[in-house]
Amino acid sequence: MARFSSFRQFYPFYLQEHRNRTSRRLHFIGSCAVLLLVLAAIVQRNPVWLPVALACGYGCAWVGHFFFEKNRPATFRHPFYSFAGDWVMFVDILRGRIRF
């Protein structure tokens, strides 16, 4: 198991684990859904949407890994860096740095 001393070291590994375009799209869609569900929780003042957001975000990502990447999600080995990687990749896709 690789060890990383910083997110800067981890992110290239994270991108290697997300080479499949369909997987990246599923991650992006899941992240969009998370943002909408968190917004719903805030607007409706109903925290029931928060676990739904978590399940939706990770569910989309894990489908991408298990069925398209054919690898184990980095979340299992590096949960904090992986969570950060999801959002950095999301922003990189929005900025056009990573192909959608």
# chains A, B, ... in the order shown; residues from 1 in each chain; ligands from 1
>>> residues_around(residues="region 4-19 of chain A", least_positions_apart="5", cutoff="12 Å", atoms="only C-alpha atoms", output="PyMOL selection string")
chain A and resi 24-28+61-62+64-66+68-75+77-90+92-93+97-100
>>> atom_distance(atom1="CA of Val34 (chain A)", atom2="CA of Tyr58 (chain A)")
9.3 Å
>>> atom_distance(atom1="CA of Ser23 (chain A)", atom2="CA of Leu37 (chain A)")
20.8 Å
>>> residues_around(residues="Pro47 (chain A)", least_positions_apart="6", cutoff="10 Å", atoms="only C-alpha atoms", output="list in words")
Leu37, Val38, Ala40 and Ala41 of chain A
>>> select_by_dssp(residues="chain A", states="helix (DSSP H, G or I)", output="ChimeraX atom specification")
/A:7-16,21-44,49-69,74-76,79-94
>>> write_last_selection(atoms="C-alpha atoms", output="PDB file, in the first residue's frame")
ATOM      1  CA  PHE A   7      -2.043  15.592  -0.909  1.00  0.00           C
ATOM      2  CA  ARG A   8       0.321  16.916  -3.576  1.00  0.00           C
ATOM      3  CA  GLN A   9       1.920  13.460  -3.727  1.00  0.00           C
ATOM      4  CA  PHE A  10      -1.430  11.684  -3.597  1.00  0.00           C
ATOM      5  CA  TYR A  11      -3.283  13.541  -6.363  1.00  0.00           C
ATOM      6  CA  PRO A  12      -1.305  12.095  -9.329  1.00  0.00           C
ATOM      7  CA  PHE A  13      -2.034   8.618  -7.927  1.00  0.00           C
ATOM      8  CA  TYR A  14      -5.695   9.579  -7.552  1.00  0.00           C
ATOM      9  CA  LEU A  15      -5.861  10.661 -11.203  1.00  0.00           C
ATOM     10  CA  GLN A  16      -4.275   7.363 -12.283  1.00  0.00           C
ATOM     11  CA  ARG A  21     -13.957   8.583 -18.752  1.00  0.00           C
ATOM     12  CA  THR A  22     -17.246   6.970 -17.666  1.00  0.00           C
ATOM     13  CA  SER A  23     -15.905   6.636 -14.137  1.00  0.00           C
ATOM     14  CA  ARG A  24     -14.926  10.324 -14.072  1.00  0.00           C
ATOM     15  CA  ARG A  25     -18.378  11.233 -15.355  1.00  0.00           C
ATOM     16  CA  LEU A  26     -20.016   9.174 -12.614  1.00  0.00           C
ATOM     17  CA  HIS A  27     -17.825  10.908 -10.012  1.00  0.00           C
ATOM     18  CA  PHE A  28     -18.784  14.301 -11.419  1.00  0.00           C
ATOM     19  CA  ILE A  29     -22.507  13.483 -11.512  1.00  0.00           C
ATOM     20  CA  GLY A  30     -22.317  12.122  -7.967  1.00  0.00           C
ATOM     21  CA  SER A  31     -20.583  15.289  -6.773  1.00  0.00           C
ATOM     22  CA  CYS A  32     -23.243  17.467  -8.438  1.00  0.00           C
ATOM     23  CA  ALA A  33     -25.937  15.404  -6.732  1.00  0.00           C
ATOM     24  CA  VAL A  34     -24.168  15.799  -3.383  1.00  0.00           C
ATOM     25  CA  LEU A  35     -24.160  19.575  -3.756  1.00  0.00           C
ATOM     26  CA  LEU A  36     -27.860  19.619  -4.649  1.00  0.00           C
ATOM     27  CA  LEU A  37     -28.792  17.313  -1.779  1.00  0.00           C
ATOM     28  CA  VAL A  38     -26.790  19.332   0.747  1.00  0.00           C
ATOM     29  CA  LEU A  39     -28.494  22.453  -0.577  1.00  0.00           C
ATOM     30  CA  ALA A  40     -31.866  20.712  -0.144  1.00  0.00           C
ATOM     31  CA  ALA A  41     -30.939  19.869   3.457  1.00  0.00           C
ATOM     32  CA  ILE A  42     -30.090  23.497   4.138  1.00  0.00           C
ATOM     33  CA  VAL A  43     -33.103  25.017   2.379  1.00  0.00           C
ATOM     34  CA  GLN A  44     -35.556  22.559   3.889  1.00  0.00           C
ATOM     35  CA  TRP A  49     -30.842  14.651   3.066  1.00  0.00           C
ATOM     36  CA  LEU A  50     -27.259  14.496   4.357  1.00  0.00           C
ATOM     37  CA  PRO A  51     -26.895  10.695   4.542  1.00  0.00           C
ATOM     38  CA  VAL A  52     -28.712  10.514   1.207  1.00  0.00           C
ATOM     39  CA  ALA A  53     -26.087  12.883  -0.221  1.00  0.00           C
ATOM     40  CA  LEU A  54     -23.295  10.734   1.175  1.00  0.00           C
ATOM     41  CA  ALA A  55     -24.803   7.532  -0.242  1.00  0.00           C
ATOM     42  CA  CYS A  56     -25.423   9.131  -3.614  1.00  0.00           C
ATOM     43  CA  GLY A  57     -21.926  10.580  -3.953  1.00  0.00           C
ATOM     44  CA  TYR A  58     -20.094   7.445  -2.910  1.00  0.00           C
ATOM     45  CA  GLY A  59     -22.552   5.204  -4.740  1.00  0.00           C
ATOM     46  CA  CYS A  60     -21.906   6.883  -8.085  1.00  0.00           C
ATOM     47  CA  ALA A  61     -18.151   6.863  -7.506  1.00  0.00           C
ATOM     48  CA  TRP A  62     -18.034   3.217  -6.464  1.00  0.00           C
ATOM     49  CA  VAL A  63     -20.071   2.116  -9.486  1.00  0.00           C
ATOM     50  CA  GLY A  64     -17.422   3.862 -11.581  1.00  0.00           C
ATOM     51  CA  HIS A  65     -14.627   2.008  -9.838  1.00  0.00           C
ATOM     52  CA  PHE A  66     -16.131  -1.462  -9.670  1.00  0.00           C
ATOM     53  CA  PHE A  67     -17.685  -1.568 -13.155  1.00  0.00           C
ATOM     54  CA  PHE A  68     -15.549   0.749 -15.283  1.00  0.00           C
ATOM     55  CA  GLU A  69     -12.148   1.250 -13.652  1.00  0.00           C
ATOM     56  CA  ALA A  74      -8.903   4.991  -3.003  1.00  0.00           C
ATOM     57  CA  THR A  75     -11.388   5.844  -0.238  1.00  0.00           C
ATOM     58  CA  PHE A  76     -10.748   2.445   1.311  1.00  0.00           C
ATOM     59  CA  PRO A  79     -10.208   8.297   2.964  1.00  0.00           C
ATOM     60  CA  PHE A  80      -9.254  11.924   3.622  1.00  0.00           C
ATOM     61  CA  TYR A  81      -7.024  12.407   0.593  1.00  0.00           C
ATOM     62  CA  SER A  82      -9.582  10.620  -1.562  1.00  0.00           C
ATOM     63  CA  PHE A  83     -12.398  12.889  -0.375  1.00  0.00           C
ATOM     64  CA  ALA A  84     -10.252  15.919  -1.184  1.00  0.00           C
ATOM     65  CA  GLY A  85      -9.282  14.369  -4.527  1.00  0.00           C
ATOM     66  CA  ASP A  86     -12.947  14.014  -5.483  1.00  0.00           C
ATOM     67  CA  TRP A  87     -13.496  17.725  -5.090  1.00  0.00           C
ATOM     68  CA  VAL A  88     -10.219  18.792  -6.695  1.00  0.00           C
ATOM     69  CA  MET A  89     -11.025  16.574  -9.693  1.00  0.00           C
ATOM     70  CA  PHE A  90     -14.562  18.044  -9.766  1.00  0.00           C
ATOM     71  CA  VAL A  91     -13.128  21.567  -9.982  1.00  0.00           C
ATOM     72  CA  ASP A  92     -10.512  20.467 -12.549  1.00  0.00           C
ATOM     73  CA  ILE A  93     -13.316  19.075 -14.726  1.00  0.00           C
ATOM     74  CA  LEU A  94     -15.278  22.327 -14.387  1.00  0.00           C
TER      75      LEU A  94
END
